[in-house]
Amino acid sequence: MISAVDNLTLVDTRKGKMSLKVTCADGSVKTLHSIYDPVAEAGSIVDAFHFDGKGILVVLGLGLGYHVSELTRTYPDAEILVIEAAHAIYDLAREHGPEVKGRVTYITGVSPDTALSTITEYQLKKGMVRLSVFALSSAVSAFPDYYKSLLEKLNRTVAIGLWDRLRYSKFQGDKVKVLLIDTGYFLVREAEKALQSLDHEVLRVPVGKGTKGEMIIARFMEAIVHFRPDFFLTMNHLGFDEEGVLTGFFTSIEMPVACWYVDSPRLIVQAFNKNVSPWTSLFLWDKSYREDMESMGFDAVNPLPLGTDESLFKPVRARKYRKMLGKYVCHAGFVGNSMVDPVNEWMGKVKAGLHTIINDAADEIAHSGKSRGEIMSVIPVKEREKLKGLSEKEKMDFEAAVLWKATLHYRLSCIKELEDFGLSIYGDHGWAGLINAKKTGLFPPLNYYRELPFFYNACVINFNATSRQMTEAVNQRVFDVPACGAFLLTDHQDSLNELFHVGTEIITYKQKEEIADIAAYYLRHAGQREAVAVRGRERVLKDHTYRHRLRSMIQNMRRRYGRS
């Protein structure tokens, strides 16, 4: 960077304006503007410059700013970044140069590398819009060590047409390319496997927690240029930032994004509406959230239930697995979280004065059968006053605390109905403080991939109680257990009527008081129990694998974003 001031000289021009002379390192003197009419000179330079006024215009060299003033007059809507090597020149321009109006940002007195980095960050924040370069030749000549390398790097960026390489037609063939945002979430593996089995190409790009948005975008840009995906796929908006920088980038390059929600979208994205975009299609495992998402501004909201990996969850009868199966044999079993830790986490995010309201509302939601959309209706009017003034984020934290607490109450009350059936629970440490260990076996969590399929096969009655964040949807067990050819007893959710023939392919309870009687019946009637399990597996293989889900998603994305 250039910071000295003793090599700069202001001179009067014949037209009464000021010009600026620079004494260079080799002793030569350069004049940055005409000494006759710098305003007319700036007009001629800008007239000869070809720019459509779109994207970001990077100006190398400020001088006294005559050309910058003319650029803002000619292109009043342009985003202009001015790079000036010497901060002293910037000070002179502000004092002696013409008035500059418009959207101008100055980067002065920094190294060329810092200037280039700042330009890139600015471009990313604007959605990776097109970049154009205007170089004040007299400034480049006066400070060649500073401007020439910067100009070469910027020109290379412009020459390769990065903007145009990021924009291209999608879904042009039967085979699609999917860029999978890999945050370590369990569904990433299942989605990749299903897509590959459908003969599509998949590229997983890892995104770690805490990775800065600019770094994520740079990583995605490289992947887009080389892989040319038809769309991006993420789960629960994982990998996206709250400020919508990544969404803005995808929107600017018209890159379709499929976001599959398998948890409450209200609790994840409701408070961060900068992620709304016509280029983002939502797929909801619970369609009751559709109205919420559409009211936020998402115009592509589609139902998409969970599914199963039939190559992982399947009947296990081979002799070599007898010992493994024997570890898990039980009359009734439940695998899942006690919700103690999630409840404590969410309660910690809410003001202590609201905890009593949360506890009472959660208890009512858990035992009355009311849905997550009816939280406010179970809170007394006088207590609702305490919720006024909460920010959108605070309201979401409150709702989450109620739902997780309600799930704990509900799940616990249902499980206790099976205490006399030799129940085995595999889950977290929180169960120890909730369950009578003399009646119920408590065991550590099971690995989803290595152990859970064996448990489902060994357990006579697999039990399920759905989270209260789900109004209509069903969870993973409803597909994984039948896929194993095993028997499942689950609470009744409205979507079950669309997924199975209830009563013949799957057995449900509507009230917790029914659980013990239904369990006892199917323990006594092995033939009926096994028939239900067989029919349930047939239905899952026919309609409910991840292959079915990803095929449906691709068809939907093709219809919306494909171009002829």
# chains A, B, ... in the order shown; residues from 1 in each chain; ligands from 1
>>> select_by_dssp(residues="range 106-207 of chain A", states="strand (DSSP E)", output="ChimeraX atom specification")
/A:106-108,131-135,177-182,201-206
>>> select_by_dssp(residues="range 140-254 of chain A", states="alpha helix (DSSP H)", output="PyMOL selection string")
chain A and resi 140-142+144-159+162-166+186-197+213-227+245-252
>>> atom_distance(atom1="CA of Phe454 in chain A", atom2="CA of Lys193 in chain A")
20.8 Å
>>> residues_around(residues="Leu151 in chain A", least_positions_apart="6", cutoff="10 Å", atoms="only C-alpha atoms", output="number ranges by chain")
A: 58-60, 112, 116, 133-135, 140, 144, 157
>>> write_last_selection(atoms="N, CA, C and O atoms", output="PDB file, in the first residue's frame")
ATOM      1  N   VAL A  58     -15.540  -2.554 -10.285  1.00  0.00           N
ATOM      2  CA  VAL A  58     -14.357  -2.281  -9.484  1.00  0.00           C
ATOM      3  C   VAL A  58     -13.519  -1.223 -10.209  1.00  0.00           C
ATOM      4  O   VAL A  58     -13.130  -1.414 -11.362  1.00  0.00           O
ATOM      5  N   VAL A  59     -13.269  -0.116  -9.536  1.00  0.00           N
ATOM      6  CA  VAL A  59     -12.478   0.975 -10.099  1.00  0.00           C
ATOM      7  C   VAL A  59     -11.110   0.963  -9.434  1.00  0.00           C
ATOM      8  O   VAL A  59     -10.997   1.100  -8.212  1.00  0.00           O
ATOM      9  N   LEU A  60     -10.052   0.819 -10.232  1.00  0.00           N
ATOM     10  CA  LEU A  60      -8.689   0.823  -9.719  1.00  0.00           C
ATOM     11  C   LEU A  60      -8.101   2.217  -9.884  1.00  0.00           C
ATOM     12  O   LEU A  60      -7.876   2.669 -11.003  1.00  0.00           O
ATOM     13  N   PRO A 112      -2.560  -5.073  -1.758  1.00  0.00           N
ATOM     14  CA  PRO A 112      -3.304  -5.633  -2.894  1.00  0.00           C
ATOM     15  C   PRO A 112      -4.047  -6.919  -2.545  1.00  0.00           C
ATOM     16  O   PRO A 112      -5.187  -7.121  -2.980  1.00  0.00           O
ATOM     17  N   LEU A 116      -8.030  -7.462  -2.790  1.00  0.00           N
ATOM     18  CA  LEU A 116      -8.647  -8.539  -3.562  1.00  0.00           C
ATOM     19  C   LEU A 116      -9.592  -9.366  -2.692  1.00  0.00           C
ATOM     20  O   LEU A 116     -10.698  -9.722  -3.118  1.00  0.00           O
ATOM     21  N   VAL A 133     -14.284  -4.381 -14.430  1.00  0.00           N
ATOM     22  CA  VAL A 133     -13.131  -3.642 -13.919  1.00  0.00           C
ATOM     23  C   VAL A 133     -12.892  -2.392 -14.777  1.00  0.00           C
ATOM     24  O   VAL A 133     -12.840  -2.457 -16.002  1.00  0.00           O
ATOM     25  N   PHE A 134     -12.729  -1.266 -14.086  1.00  0.00           N
ATOM     26  CA  PHE A 134     -12.361   0.003 -14.726  1.00  0.00           C
ATOM     27  C   PHE A 134     -11.047   0.441 -14.107  1.00  0.00           C
ATOM     28  O   PHE A 134     -10.971   0.691 -12.891  1.00  0.00           O
ATOM     29  N   ALA A 135     -10.010   0.547 -14.892  1.00  0.00           N
ATOM     30  CA  ALA A 135      -8.695   0.937 -14.375  1.00  0.00           C
ATOM     31  C   ALA A 135      -8.349   2.344 -14.853  1.00  0.00           C
ATOM     32  O   ALA A 135      -8.403   2.639 -16.051  1.00  0.00           O
ATOM     33  N   VAL A 140      -2.487   3.411 -12.553  1.00  0.00           N
ATOM     34  CA  VAL A 140      -1.763   2.146 -12.725  1.00  0.00           C
ATOM     35  C   VAL A 140      -0.319   2.432 -13.115  1.00  0.00           C
ATOM     36  O   VAL A 140       0.622   1.770 -12.643  1.00  0.00           O
ATOM     37  N   PRO A 144       2.647   1.073 -10.338  1.00  0.00           N
ATOM     38  CA  PRO A 144       2.563  -0.232 -11.015  1.00  0.00           C
ATOM     39  C   PRO A 144       2.698  -1.423 -10.063  1.00  0.00           C
ATOM     40  O   PRO A 144       2.058  -2.453 -10.266  1.00  0.00           O
ATOM     41  N   THR A 157     -10.233 -13.233 -13.500  1.00  0.00           N
ATOM     42  CA  THR A 157     -11.554 -13.607 -12.971  1.00  0.00           C
ATOM     43  C   THR A 157     -12.645 -13.259 -13.971  1.00  0.00           C
ATOM     44  O   THR A 157     -13.564 -14.049 -14.212  1.00  0.00           O
TER      45      THR A 157
END
>>> residues_around(residues="Glu385 in chain A", least_positions_apart="5", cutoff="12 Å", atoms="only C-alpha atoms", output="PDB file with all heavy atoms, in the first residue's frame")
ATOM      1  N   LEU A 354     -40.982 -17.730  32.541  1.00  0.00           N
ATOM      2  CA  LEU A 354     -41.931 -18.404  31.648  1.00  0.00           C
ATOM      3  C   LEU A 354     -41.945 -19.919  31.848  1.00  0.00           C
ATOM      4  O   LEU A 354     -42.732 -20.616  31.209  1.00  0.00           O
ATOM      5  CB  LEU A 354     -41.601 -18.093  30.190  1.00  0.00           C
ATOM      6  CG  LEU A 354     -41.612 -16.614  29.786  1.00  0.00           C
ATOM      7  CD1 LEU A 354     -41.205 -16.466  28.328  1.00  0.00           C
ATOM      8  CD2 LEU A 354     -42.979 -15.989  30.018  1.00  0.00           C
ATOM      9  N   ILE A 357     -45.288 -21.545  32.848  1.00  0.00           N
ATOM     10  CA  ILE A 357     -46.238 -21.557  31.721  1.00  0.00           C
ATOM     11  C   ILE A 357     -45.878 -22.698  30.774  1.00  0.00           C
ATOM     12  O   ILE A 357     -46.761 -23.410  30.273  1.00  0.00           O
ATOM     13  CB  ILE A 357     -46.194 -20.210  30.973  1.00  0.00           C
ATOM     14  CG1 ILE A 357     -46.563 -19.070  31.916  1.00  0.00           C
ATOM     15  CG2 ILE A 357     -47.141 -20.238  29.769  1.00  0.00           C
ATOM     16  CD1 ILE A 357     -46.458 -17.695  31.279  1.00  0.00           C
ATOM     17  N   MET A 376     -51.098 -21.868  22.088  1.00  0.00           N
ATOM     18  CA  MET A 376     -51.641 -20.659  22.710  1.00  0.00           C
ATOM     19  C   MET A 376     -53.016 -20.899  23.327  1.00  0.00           C
ATOM     20  O   MET A 376     -53.362 -20.294  24.341  1.00  0.00           O
ATOM     21  CB  MET A 376     -51.720 -19.518  21.688  1.00  0.00           C
ATOM     22  CG  MET A 376     -50.358 -19.031  21.206  1.00  0.00           C
ATOM     23  SD  MET A 376     -49.263 -18.523  22.558  1.00  0.00           S
ATOM     24  CE  MET A 376     -50.182 -17.138  23.225  1.00  0.00           C
ATOM     25  N   ILE A 379     -52.948 -21.974  26.990  1.00  0.00           N
ATOM     26  CA  ILE A 379     -52.367 -21.043  27.962  1.00  0.00           C
ATOM     27  C   ILE A 379     -53.439 -20.065  28.416  1.00  0.00           C
ATOM     28  O   ILE A 379     -54.085 -19.414  27.578  1.00  0.00           O
ATOM     29  CB  ILE A 379     -51.180 -20.279  27.342  1.00  0.00           C
ATOM     30  CG1 ILE A 379     -50.079 -21.251  26.909  1.00  0.00           C
ATOM     31  CG2 ILE A 379     -50.613 -19.247  28.322  1.00  0.00           C
ATOM     32  CD1 ILE A 379     -48.931 -20.589  26.170  1.00  0.00           C
ATOM     33  N   PRO A 380     -53.687 -19.943  29.718  1.00  0.00           N
ATOM     34  CA  PRO A 380     -54.696 -18.998  30.214  1.00  0.00           C
ATOM     35  C   PRO A 380     -54.435 -17.580  29.707  1.00  0.00           C
ATOM     36  O   PRO A 380     -53.283 -17.167  29.531  1.00  0.00           O
ATOM     37  CB  PRO A 380     -54.531 -19.074  31.747  1.00  0.00           C
ATOM     38  CG  PRO A 380     -53.941 -20.427  31.993  1.00  0.00           C
ATOM     39  CD  PRO A 380     -53.047 -20.690  30.815  1.00  0.00           C
ATOM     40  N   LEU A 390     -42.124 -10.615  23.180  1.00  0.00           N
ATOM     41  CA  LEU A 390     -41.042 -11.536  22.828  1.00  0.00           C
ATOM     42  C   LEU A 390     -40.684 -11.366  21.359  1.00  0.00           C
ATOM     43  O   LEU A 390     -41.557 -11.141  20.512  1.00  0.00           O
ATOM     44  CB  LEU A 390     -41.467 -12.986  23.081  1.00  0.00           C
ATOM     45  CG  LEU A 390     -41.740 -13.418  24.538  1.00  0.00           C
ATOM     46  CD1 LEU A 390     -42.127 -14.897  24.565  1.00  0.00           C
ATOM     47  CD2 LEU A 390     -40.536 -13.164  25.421  1.00  0.00           C
TER      48      LEU A 390
END
>>> residues_around(residues="Arg167 in chain A", least_positions_apart="5", cutoff="9 Å", atoms="only C-alpha atoms", output="ChimeraX atom specification")
/A:162,252-255
>>> atom_distance(atom1="CA of Leu187 in chain A", atom2="CA of Asn475 in chain A")
12.9 Å
>>> closest_residue(among="A:Ala400, A:Val188, A:Val316, A:Ala486", to="Pro265 in chain A", atoms="only C-alpha atoms")
A:Ala400
>>> closest_residue(among="A:Asp77, A:Glu310, A:Glu451, A:Glu95", to="Val335 in chain A", atoms="only C-alpha atoms")
A:Glu451
>>> residues_around(residues="Leu387 in chain A", least_positions_apart="2", cutoff="12 Å", atoms="only C-alpha atoms", output="MDAnalysis selection string")
chainID A and resid 350:351 353:355 357:358 376 379:385 389:392 394:399
>>> decode(residues="range 346-363 of chain A", atoms="N, CA and C atoms", output="tab-separated table (two decimals), in the first residue's frame")
chain	number	residue	atom	x	y	z
A	346	TRP	N	-33.59	-26.40	25.85
A	346	TRP	CA	-34.54	-25.39	25.40
A	346	TRP	C	-35.07	-24.54	26.55
A	347	MET	N	-35.27	-25.15	27.69
A	347	MET	CA	-35.71	-24.37	28.85
A	347	MET	C	-34.66	-23.32	29.21
A	348	GLY	N	-33.39	-23.66	29.02
A	348	GLY	CA	-32.32	-22.72	29.30
A	348	GLY	C	-32.31	-21.51	28.39
A	349	LYS	N	-32.98	-21.60	27.23
A	349	LYS	CA	-33.03	-20.49	26.28
A	349	LYS	C	-34.19	-19.54	26.56
A	350	VAL	N	-35.08	-19.95	27.47
A	350	VAL	CA	-36.29	-19.18	27.76
A	350	VAL	C	-36.17	-18.53	29.14
A	351	LYS	N	-36.70	-17.34	29.27
A	351	LYS	CA	-36.67	-16.63	30.55
A	351	LYS	C	-37.28	-17.49	31.65
A	352	ALA	N	-36.65	-17.47	32.82
A	352	ALA	CA	-37.09	-18.31	33.93
A	352	ALA	C	-38.54	-18.03	34.32
A	353	GLY	N	-38.98	-16.79	34.15
A	353	GLY	CA	-40.35	-16.43	34.50
A	353	GLY	C	-41.40	-17.12	33.66
A	354	LEU	N	-40.98	-17.73	32.54
A	354	LEU	CA	-41.93	-18.40	31.65
A	354	LEU	C	-41.95	-19.92	31.85
A	355	HIS	N	-41.10	-20.44	32.72
A	355	HIS	CA	-40.97	-21.89	32.87
A	355	HIS	C	-42.25	-22.55	33.37
A	356	THR	N	-42.93	-21.90	34.30
A	356	THR	CA	-44.19	-22.48	34.81
A	356	THR	C	-45.22	-22.56	33.69
A	357	ILE	N	-45.29	-21.54	32.85
A	357	ILE	CA	-46.24	-21.56	31.72
A	357	ILE	C	-45.88	-22.70	30.77
A	358	ILE	N	-44.58	-22.89	30.53
A	358	ILE	CA	-44.14	-23.97	29.66
A	358	ILE	C	-44.55	-25.32	30.22
A	359	ASN	N	-44.30	-25.55	31.50
A	359	ASN	CA	-44.64	-26.83	32.12
A	359	ASN	C	-46.13	-27.13	32.03
A	360	ASP	N	-46.96	-26.13	32.32
A	360	ASP	CA	-48.41	-26.34	32.29
A	360	ASP	C	-48.90	-26.58	30.86
A	361	ALA	N	-48.38	-25.79	29.92
A	361	ALA	CA	-48.80	-25.95	28.52
A	361	ALA	C	-48.35	-27.30	27.98
A	362	ALA	N	-47.13	-27.72	28.31
A	362	ALA	CA	-46.61	-29.00	27.85
A	362	ALA	C	-47.46	-30.15	28.38
A	363	ASP	N	-47.84	-30.07	29.63
A	363	ASP	CA	-48.65	-31.13	30.23
A	363	ASP	C	-50.01	-31.22	29.53
